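So this block is upload.txt, compact mmCIF, C-alpha atoms:
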```
# COMPACT_ATOMS: atom_id res chain seq x y z
CA MET C 1 2.27 18.61 5.11
CA ARG C 2 1.83 21.36 7.70
CA ILE C 3 2.72 20.41 11.22
CA ASP C 4 0.57 22.35 13.70
CA LYS C 5 1.59 23.28 17.23
CA PRO C 6 0.45 20.69 19.75
CA ASP C 7 -3.22 21.00 20.60
CA PHE C 8 -3.61 20.39 24.32
CA THR C 9 -6.98 22.03 24.84
CA LEU C 10 -9.18 19.79 26.91
CA THR C 11 -12.68 20.04 25.62
CA GLY C 12 -15.82 18.01 25.92
CA PRO C 13 -17.05 16.31 29.05
CA PHE C 14 -14.12 17.59 31.10
CA THR C 15 -15.25 21.22 31.11
CA PRO C 16 -18.62 20.98 32.82
CA ALA C 17 -18.74 24.72 33.52
CA LYS C 18 -19.20 25.42 29.83
CA ASP C 19 -22.25 23.40 28.92
CA LYS C 20 -23.98 22.64 32.21
CA PRO C 21 -25.52 25.03 34.75
CA SER C 22 -23.12 25.52 37.65
CA GLY C 23 -24.00 24.56 41.18
CA LYS C 24 -26.12 21.62 40.06
CA ASP C 25 -25.72 18.67 42.40
CA GLY C 26 -24.20 15.45 41.07
CA ASN C 27 -23.07 17.34 37.97
CA PHE C 28 -19.44 16.41 38.33
CA MET C 29 -20.28 12.76 39.00
CA ASP C 30 -22.22 12.62 35.72
CA THR C 31 -19.28 14.12 33.93
CA LEU C 32 -16.95 11.63 35.51
CA LYS C 33 -19.20 8.73 34.54
CA GLU C 34 -19.32 9.99 30.93
CA ALA C 35 -15.54 10.15 30.88
CA ILE C 36 -15.18 6.64 32.26
CA ASP C 37 -17.66 5.37 29.69
CA SER C 38 -15.78 6.98 26.85
CA VAL C 39 -12.47 5.54 28.02
CA ASN C 40 -14.14 2.15 28.26
CA HIS C 41 -15.55 2.51 24.77
CA GLN C 42 -12.19 3.52 23.35
CA ALA C 43 -10.49 0.63 25.12
CA LYS C 44 -12.98 -1.89 23.74
CA GLU C 45 -12.67 -0.48 20.24
CA SER C 46 -8.90 -0.57 20.23
CA GLU C 47 -8.91 -4.07 21.68
CA GLN C 48 -11.14 -5.18 18.82
CA MET C 49 -8.83 -3.58 16.27
CA ALA C 50 -5.79 -5.19 17.89
CA MET C 51 -7.47 -8.60 17.77
CA ASP C 52 -8.42 -8.07 14.13
CA LEU C 53 -4.83 -7.23 13.34
CA SER C 54 -3.44 -10.13 15.32
CA SER C 55 -5.76 -12.66 13.71
CA GLY C 56 -5.18 -11.19 10.25
CA ARG C 57 -8.88 -10.44 9.84
CA ALA C 58 -8.69 -6.70 9.16
CA PRO C 59 -5.04 -5.81 9.00
CA SER C 60 -4.94 -2.03 9.01
CA ILE C 61 -1.78 -1.79 11.03
CA HIS C 62 -1.60 1.94 11.55
CA GLU C 63 -5.22 2.25 12.66
CA ALA C 64 -4.84 -0.50 15.25
CA MET C 65 -1.59 0.98 16.60
CA ILE C 66 -3.02 4.49 16.77
CA ALA C 67 -6.15 3.22 18.53
CA MET C 68 -4.00 1.48 21.14
CA GLN C 69 -2.04 4.66 21.75
CA LYS C 70 -5.26 6.63 22.13
CA THR C 71 -6.45 4.17 24.76
CA ASP C 72 -3.14 4.47 26.56
CA VAL C 73 -3.31 8.26 26.68
CA MET C 74 -6.96 8.35 27.73
CA MET C 75 -6.30 5.91 30.55
CA ARG C 76 -3.37 7.92 31.79
CA LEU C 77 -5.57 10.99 31.75
CA MET C 78 -8.24 9.08 33.65
CA VAL C 79 -5.77 8.00 36.32
CA THR C 80 -4.37 11.51 36.67
CA MET C 81 -7.85 13.00 37.02
CA THR C 82 -8.91 10.37 39.56
CA ASN C 83 -5.80 11.01 41.61
CA LYS C 84 -6.49 14.74 41.57
CA LEU C 85 -10.06 14.05 42.64
CA ILE C 86 -8.94 11.96 45.57
CA GLU C 87 -6.41 14.62 46.54
CA GLY C 88 -9.20 17.18 46.40
CA PHE C 89 -11.49 15.14 48.63
CA ASN C 90 -8.71 14.61 51.13
CA GLU C 91 -8.11 18.35 51.14
CA LEU C 92 -11.78 18.95 51.84
CA LYS C 93 -11.79 16.40 54.67
CA ARG C 94 -8.84 18.12 56.27
CA LEU C 95 -10.53 21.51 56.06
CA SER C 96 -13.84 20.43 57.56
CA MET X 1 -12.77 12.90 26.12
CA GLY X 2 -11.58 11.92 22.68
CA ASP X 3 -11.26 15.64 21.94
CA ILE X 4 -7.91 15.84 23.63
CA PHE X 5 -6.40 14.46 20.46
CA GLY X 6 -7.30 17.54 18.46
CA LYS X 7 -7.32 17.53 14.67
CA ILE X 8 -3.85 16.21 14.02
CA ILE X 9 -4.22 12.58 14.96
CA PRO X 10 -7.35 11.84 12.91
CA GLU X 11 -5.91 13.72 9.93
CA VAL X 12 -2.57 11.98 10.01
CA THR X 13 -4.37 8.65 10.40
CA ASP X 14 -6.22 9.50 7.18
CA HIS X 15 -2.94 10.32 5.48
CA MET X 16 -1.56 6.94 6.42
CA THR X 17 -4.66 5.18 5.12
CA TYR X 18 -4.26 7.04 1.83
CA ARG X 19 -0.55 6.12 1.62
CA THR X 20 -1.41 2.46 2.22
CA TYR X 21 -3.91 2.55 -0.61
CA ARG X 22 -1.46 4.38 -2.88
CA GLN X 23 1.11 1.69 -2.19
CA GLU X 24 -1.38 -0.87 -3.46
CA VAL X 25 -1.93 1.15 -6.64
CA ILE X 26 1.80 1.56 -7.28
CA SER X 27 2.31 -2.17 -6.67
CA SER X 28 -0.37 -2.87 -9.28
CA ASN X 29 1.50 -0.70 -11.77
CA ILE X 30 4.80 -2.43 -11.08
CA ALA X 31 3.27 -5.93 -11.28
CA ASN X 32 1.73 -5.01 -14.65
CA VAL X 33 4.77 -3.31 -16.18
CA ASP X 34 4.71 -5.81 -19.06
CA THR X 35 0.99 -6.44 -19.38
CA PRO X 36 -0.28 -5.44 -22.83
CA GLY X 37 -2.86 -2.65 -22.74
CA TYR X 38 -2.42 -1.86 -19.03
CA LYS X 39 -2.63 1.83 -18.16
CA ALA X 40 -0.69 3.17 -15.18
CA ARG X 41 -2.79 4.45 -12.27
CA GLU X 42 -2.31 7.01 -9.55
CA ALA X 43 -4.24 7.53 -6.32
CA THR X 44 -5.07 11.13 -5.53
CA PHE X 45 -5.95 12.69 -2.20
CA GLU X 46 -8.54 15.43 -2.58
CA LYS X 47 -6.42 18.12 -0.94
CA GLU X 48 -3.32 17.24 -2.88
CA LEU X 49 -4.66 17.41 -6.41
CA ASP X 50 -2.22 19.19 -8.64
CA SER X 51 -3.60 21.04 -11.61
CA ARG X 52 -2.78 18.37 -14.17
CA LEU X 53 -4.43 15.63 -12.16
CA LYS X 54 -7.42 17.90 -11.72
CA MET X 55 -7.85 18.10 -15.48
CA THR X 56 -7.77 14.34 -15.79
CA THR X 57 -10.33 13.77 -13.05
CA THR X 58 -12.96 15.94 -14.73
CA ASP X 59 -13.28 13.34 -17.47
CA PRO X 60 -15.62 10.71 -16.01
CA ALA X 61 -14.32 8.10 -18.41
CA HIS X 62 -10.91 8.34 -16.79
CA MET X 63 -11.98 8.42 -13.20
CA ARG X 64 -12.87 5.59 -10.92
CA GLU X 65 -14.10 6.37 -7.48
CA SER X 66 -13.19 3.82 -4.88
CA PRO X 67 -16.19 2.71 -2.84
CA GLY X 68 -15.73 3.14 0.89
CA ARG X 69 -12.85 5.52 0.29
CA PRO X 70 -14.51 8.83 -0.52
CA LEU X 71 -11.28 10.74 0.00
CA TYR X 72 -9.44 9.19 -2.89
CA ARG X 73 -9.85 9.04 -6.58
CA THR X 74 -7.86 6.71 -8.74
CA VAL X 75 -7.03 8.19 -12.07
CA TYR X 76 -4.93 7.18 -15.01
CA ASP X 77 -1.54 8.69 -14.37
CA PRO X 78 -1.33 11.73 -16.67
CA TYR X 79 2.46 11.76 -16.48
CA SER X 80 2.78 8.31 -18.01
CA ARG X 81 3.49 7.74 -21.66
CA ILE X 82 2.40 5.12 -24.16
CA GLY X 83 5.03 2.47 -24.73
CA ASN X 84 5.03 -0.95 -26.38
CA ASP X 85 1.77 -2.88 -26.40
CA SER X 86 0.01 0.35 -25.36
CA ASN X 87 1.25 -0.26 -21.83
CA THR X 88 1.89 3.06 -20.08
CA VAL X 89 3.87 1.95 -17.03
CA ASP X 90 7.19 3.72 -16.60
CA ILE X 91 9.10 1.56 -14.17
CA ASP X 92 11.47 4.34 -13.13
CA ARG X 93 8.61 6.68 -12.33
CA GLU X 94 6.85 3.98 -10.33
CA MET X 95 9.99 3.32 -8.28
CA MET X 96 10.27 7.04 -7.55
CA LYS X 97 6.60 7.22 -6.52
CA MET X 98 7.07 4.24 -4.27
CA SER X 99 10.08 5.74 -2.47
CA GLN X 100 8.27 8.99 -1.96
CA ASN X 101 5.16 7.21 -0.71
CA GLN X 102 7.11 5.12 1.76
CA ILE X 103 9.01 8.09 3.15
CA LEU X 104 5.83 10.09 3.68
CA TYR X 105 4.07 7.12 5.31
CA ASN X 106 6.99 6.72 7.68
CA ALA X 107 6.98 10.45 8.36
CA SER X 108 3.30 10.31 9.32
CA ALA X 109 3.98 7.41 11.68
CA GLU X 110 6.75 9.44 13.29
CA ILE X 111 4.57 12.52 13.64
CA VAL X 112 1.79 10.58 15.32
CA THR X 113 4.25 8.93 17.69
CA ARG X 114 5.70 12.31 18.72
CA LYS X 115 2.23 13.70 19.26
CA PHE X 116 1.32 10.86 21.60
CA GLU X 117 4.61 11.31 23.41
CA ALA X 118 3.88 14.99 23.92
CA LEU X 119 0.40 14.21 25.25
CA ARG X 120 1.77 11.67 27.68
CA ASN X 121 4.30 14.18 28.96
CA VAL X 122 1.60 16.74 29.63
CA ILE X 123 -0.79 14.33 31.29
CA GLY X 124 1.68 12.53 33.49
CA GLY X 125 2.05 8.84 34.00
CA ILE X 126 0.34 6.02 35.80
CA ARG X 127 1.07 6.41 39.47
CA MET H 1 -7.14 -2.14 1.94
CA ASP H 2 -3.78 -2.81 3.41
CA LEU H 3 -0.15 -3.53 2.87
CA PHE H 4 -0.73 -7.27 2.69
CA THR H 5 -2.83 -6.83 -0.43
CA ALA H 6 0.03 -4.85 -1.90
CA MET H 7 2.35 -7.74 -1.08
CA ASP H 8 0.03 -10.18 -2.86
CA ILE H 9 0.03 -7.96 -5.91
CA SER H 10 3.82 -7.78 -5.95
CA ALA H 11 4.02 -11.55 -5.44
CA SER H 12 1.96 -12.05 -8.60
CA GLY H 13 4.42 -9.79 -10.40
CA LEU H 14 7.34 -11.88 -9.14
CA ARG H 15 5.66 -15.07 -10.37
CA ALA H 16 4.90 -13.61 -13.79
CA GLN H 17 8.43 -12.30 -14.35
CA ARG H 18 9.95 -15.53 -13.06
CA THR H 19 7.89 -17.44 -15.64
CA ARG H 20 9.09 -15.06 -18.32
CA MET H 21 12.71 -15.61 -17.34
CA ASN H 22 12.28 -19.38 -17.40
CA VAL H 23 10.69 -19.30 -20.84
CA ILE H 24 13.33 -16.92 -22.19
CA SER H 25 16.04 -19.25 -20.82
CA SER H 26 14.42 -22.13 -22.64
CA ASN H 27 14.35 -20.10 -25.86
CA ILE H 28 17.99 -19.17 -25.54
CA ALA H 29 19.06 -22.73 -24.69
CA ASN H 30 17.24 -24.04 -27.76
CA ALA H 31 18.28 -21.32 -30.22
CA ARG H 32 20.07 -23.93 -32.31
CA THR H 33 17.87 -26.96 -31.71
CA THR H 34 16.95 -28.22 -35.16
CA ARG H 35 15.34 -31.45 -34.03
CA THR H 36 12.61 -31.89 -31.45
CA PRO H 37 10.65 -34.99 -30.32
CA GLY H 38 7.71 -33.75 -32.34
CA GLY H 39 9.91 -33.37 -35.41
CA GLY H 40 11.07 -30.05 -36.81
CA PRO H 41 13.03 -27.28 -35.15
CA TYR H 42 12.34 -25.74 -31.74
CA GLN H 43 9.72 -22.97 -31.89
CA ARG H 44 10.03 -19.95 -29.62
CA ARG H 45 7.68 -19.67 -26.65
CA ASP H 46 6.06 -16.34 -25.80
CA VAL H 47 4.64 -15.55 -22.37
CA ILE H 48 1.31 -13.73 -22.60
CA LEU H 49 0.51 -11.71 -19.51
CA ARG H 50 -2.91 -10.56 -18.47
CA GLU H 51 -4.16 -8.07 -15.92
CA ARG H 52 -6.33 -9.49 -13.15
CA SER H 53 -8.49 -6.74 -11.73
CA PHE H 54 -9.94 -7.44 -8.29
CA GLU H 55 -10.84 -4.10 -6.77
CA GLU H 56 -11.78 -0.73 -8.23
CA ALA H 57 -8.33 0.13 -9.47
CA LEU H 58 -6.14 -2.65 -8.14
CA SER H 59 -4.85 -5.41 -10.34
CA SER H 60 -2.50 -8.29 -9.99
CA VAL H 61 -0.96 -9.99 -13.02
CA ASP H 62 -1.45 -13.49 -14.41
CA VAL H 63 0.27 -15.60 -16.99
CA GLN H 64 -2.53 -16.04 -19.50
CA GLU H 65 -0.67 -18.60 -21.52
CA ILE H 66 2.73 -19.70 -22.70
CA ALA H 67 2.15 -19.63 -26.44
CA VAL H 68 4.19 -21.43 -29.04
CA ASN H 69 5.16 -19.00 -31.75
CA THR H 70 4.56 -20.76 -35.07
CA THR H 71 6.33 -18.27 -37.33
CA PRO H 72 8.78 -20.38 -39.34
CA GLY H 73 12.44 -19.81 -38.61
CA GLU H 74 15.20 -19.03 -41.03
CA ARG H 75 16.18 -21.59 -43.65
CA ILE H 76 19.91 -22.06 -43.89
CA TYR H 77 21.82 -23.87 -46.58
CA ASP H 78 23.78 -26.54 -44.74
CA PRO H 79 23.74 -29.83 -46.66
CA GLY H 80 26.14 -31.52 -44.23
CA ASN H 81 23.65 -31.12 -41.39
CA PRO H 82 21.87 -34.40 -40.49
CA ASP H 83 18.60 -32.44 -40.29
CA ALA H 84 18.95 -30.95 -43.77
CA ASP H 85 16.05 -31.52 -46.16
CA GLY H 86 16.24 -32.80 -49.73
CA GLN H 87 17.60 -29.49 -51.02
CA GLY H 88 20.23 -29.26 -48.26
CA TYR H 89 18.38 -26.62 -46.27
CA VAL H 90 17.91 -26.69 -42.51
CA THR H 91 15.05 -24.77 -40.89
CA MET H 92 16.37 -23.06 -37.75
CA PRO H 93 14.40 -22.22 -34.60
CA ASN H 94 12.63 -18.86 -34.85
CA VAL H 95 14.66 -17.57 -31.91
CA ASN H 96 16.39 -14.20 -32.21
CA LEU H 97 19.14 -14.26 -29.61
CA MET H 98 19.48 -10.49 -29.41
CA GLU H 99 15.79 -10.09 -28.77
CA GLU H 100 15.78 -12.81 -26.13
CA MET H 101 18.72 -11.20 -24.31
CA VAL H 102 16.91 -7.86 -24.21
CA ASN H 103 13.73 -9.56 -22.99
CA MET H 104 15.75 -11.31 -20.29
CA MET H 105 17.16 -7.99 -19.10
CA ASN H 106 13.70 -6.46 -18.97
CA ALA H 107 12.19 -9.40 -17.14
CA SER H 108 15.05 -9.38 -14.68
CA ARG H 109 14.62 -5.67 -14.06
CA ALA H 110 10.87 -6.01 -13.60
CA PHE H 111 11.44 -8.90 -11.17
CA GLU H 112 13.83 -6.71 -9.22
CA ALA H 113 11.29 -3.88 -9.09
CA ASN H 114 8.64 -6.18 -7.61
CA THR H 115 11.17 -7.34 -5.03
CA LEU H 116 11.80 -3.74 -4.02
CA ALA H 117 8.07 -3.16 -3.79
CA VAL H 118 7.77 -5.99 -1.26
CA LYS H 119 10.68 -4.54 0.74
CA SER H 120 9.01 -1.18 0.76
CA GLN H 121 5.69 -2.59 1.98
CA LYS H 122 7.43 -4.56 4.71
CA ASP H 123 9.32 -1.45 5.81
CA MET H 124 6.08 0.52 6.05
CA ALA H 125 4.35 -2.21 8.05
CA LEU H 126 7.22 -2.49 10.52
CA LYS H 127 7.30 1.28 10.87
CA ALA H 128 3.60 1.33 11.69
CA LEU H 129 4.19 -1.26 14.41
CA GLN H 130 6.58 1.23 16.00
CA ILE H 131 3.90 3.86 16.50
CA GLY H 132 3.99 5.02 20.10
CA ARG H 133 7.30 3.35 20.83
```

Using structure tokens, write down the structure from this file.
Amino acid sequence: MRIDKPDFTLTGPFTPAKDKPSGKDGNFMDTLKEAIDSVNHQAKESEQMAMDLSSGRAPSIHEAMIAMQKTDVMMRLMVTMTNKLIEGFNELKRLS
Amino acid sequence: MGDIFGKIIPEVTDHMTYRTYRQEVISSNIANVDTPGYKAREATFEKELDSRLKMTTTDPAHMRESPGRPLYRTVYDPYSRIGNDSNTVDIDREMMKMSQNQILYNASAEIVTRKFEALRNVIGGIR
Amino acid sequence: MDLFTAMDISASGLRAQRTRMNVISSNIANARTTRTPGGGPYQRRDVILRERSFEEALSSVDVQEIAVNTTPGERIYDPGNPDADGQGYVTMPNVNLMEEMVNMMNASRAFEANTLAVKSQKDMALKALQIGR
């Protein structure tokens, strides 16, 4: 089994400059909403898998555990991004 | 946002699913070590086919595709030999396969854990 | 599609081998039994195993039947024996002790292997629960 170097490239909804025209109003808010939705979706999915495991309904242990870890990481990312956002707004307030 | 996980996590998850299934197949072989007429099976992962297994899979009579698991084929183990009662299970070989399977499953679990750890370090914690 | 199925499969193996060991014990214990309630000497029991297929390539194992082996045993000249017939011959049980000992060893080994399989599955499951820890 080859073990690749860690892949930390952030792609997808978090690089709005790539796939959306720049300077469009509300663009970043849409992106943020998409991100929140996807975290929500992941959280629901992993919760379902955890419940299936716990009740013995669909006991794929590794899939449930991996899903829970994914949720954890995505939420941490969400919190970090939100904090940065707030920092950014505060910066802007100070400057204006 | 799910893209931050790259290719590794989905692939290793697949590996673990395959190893789980292979454990079931090996358990079947061990349970049927004394069943007359039982032929030993092996679960193959598309990317890991060795040349001898490849030869066996081209014979449709020997191959059973598992529904819902397109990545695996279960074949009659070509390394097994005919013994009494035309049973082909070699208990020593099955024990070896099982050890190997368990170690690789555990290795995958470890790899995925380290990967998540690395991601968490990069992203930072809950503040 | 999971380790619990594997455990069920191994459990069926444990049951089958345990039955074999019990039957072999009975054969060995009665290797010299020349009189049974039904009359006549003890006849060896054979355990017939059968594959039980439940998914594409997965199978557990069943005891199909515990069959009485009707092959007549050896006739030994022993006129002093209370079970001797008119000519002084006693029909012995059709149990070959050597064969039964070998069968016992095999059954014991197979039982052990199924036990190790269960250990292995449990180890894998517990390892999976550690993911992310």

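Every chain X residue lying within 7 Å of chain H, based on only C-alpha atoms, is listed here: Thr20, Tyr21, Gln23, Glu24, Val25, Ser27, Ser28, Ile30, Ala31, Asn32, Thr35, Arg64, Ser66, Thr74, Gln102, Tyr105, Asn106, Ala109, Thr113 and Phe116 of chain X.
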
How big is the axis-aligned box, and where does its centre sit, when it encloses all atoms of segment 26-35 of chain H listed in the file and has 3 Å added on every side, reported in Å to one decimal as lines of an AutoDock Vina configuration file?
```
center_x = 17.2
center_y = -25.3
center_z = -28.9
size_x = 11.7
size_y = 18.3
size_z = 18.5
```

Sorted by chain and rising residue number, list the residues of chain X at most 10 Å from chain C (counting all atoms listed in the file), each with its closest atom pair and distance in Å to one decimal, as CSV.
```
residue,atom,partner,partner_atom,distance
X:Met1,CA,C:Gly12,CA,6.0
X:Gly2,CA,C:Ser38,CA,7.7
X:Asp3,CA,C:Thr11,CA,5.9
X:Ile4,CA,C:Leu10,CA,5.3
X:Phe5,CA,C:Asp7,CA,7.3
X:Gly6,CA,C:Asp7,CA,5.8
X:Lys7,CA,C:Asp7,CA,8.0
X:Ile8,CA,C:Asp4,CA,7.6
X:Ile9,CA,C:Ile66,CA,8.4
X:Pro10,CA,C:Ile66,CA,9.4
X:Val12,CA,C:Met1,CA,9.6
X:Thr13,CA,C:Glu63,CA,6.8
X:Asp14,CA,C:Glu63,CA,9.1
X:His15,CA,C:Met1,CA,9.8
X:Met16,CA,C:His62,CA,7.2
X:Thr17,CA,C:His62,CA,7.8
X:Thr20,CA,C:Ser60,CA,8.9
X:Glu48,CA,C:Met1,CA,9.8
X:Leu104,CA,C:Met1,CA,9.3
X:Tyr105,CA,C:His62,CA,9.9
X:Ala107,CA,C:Met1,CA,10.0
X:Ser108,CA,C:Met1,CA,9.4
X:Ala109,CA,C:His62,CA,7.8
X:Ile111,CA,C:Ile3,CA,8.5
X:Val112,CA,C:Ile66,CA,7.9
X:Thr113,CA,C:Ile66,CA,8.6
X:Arg114,CA,C:Pro6,CA,9.9
X:Lys115,CA,C:Pro6,CA,7.2
X:Phe116,CA,C:Gln69,CA,7.1
X:Glu117,CA,C:Val73,CA,9.1
X:Ala118,CA,C:Pro6,CA,7.9
X:Leu119,CA,C:Val73,CA,7.2
X:Arg120,CA,C:Val73,CA,6.2
X:Asn121,CA,C:Val73,CA,9.9
X:Val122,CA,C:Phe8,CA,8.3
X:Ile123,CA,C:Leu77,CA,5.8
X:Gly124,CA,C:Thr80,CA,6.9
X:Gly125,CA,C:Arg76,CA,5.9
X:Ile126,CA,C:Arg76,CA,5.8
X:Arg127,CA,C:Val79,CA,7.7
```

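For the pair atom CA of Val75 of chain X and atom CA of Tyr18 of chain X, the interatomic distance is 14.2 Å.
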
Exercise for the section: Quote the spacing between atom CA of Gly39 of chain H and atom CA of Gln64 of chain H in Å to one decimal place. Expected result: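 It comes out at 26.6 Å.
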
Exercise for the section: Show which residues sit within 6 Å of segment 45-49 of chain C, as a list in words. Count only C-alpha atoms, and ignore same-chain residues fewer than 2 positions away. Expected result: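 Once the adjacent positions are removed, what remains is Gln42, Ala43, Met51, Asp52, Ala64, Ala67 and Met68 of chain C.
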
Exercise for the section: Report the distance between atom CA of Arg19 of chain X and atom CA of Gln100 of chain X in Å, rounded to one decimal place. Expected result: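 Interatomic distance, atom CA of Arg19 of chain X to atom CA of Gln100 of chain X: 9.9 Å.
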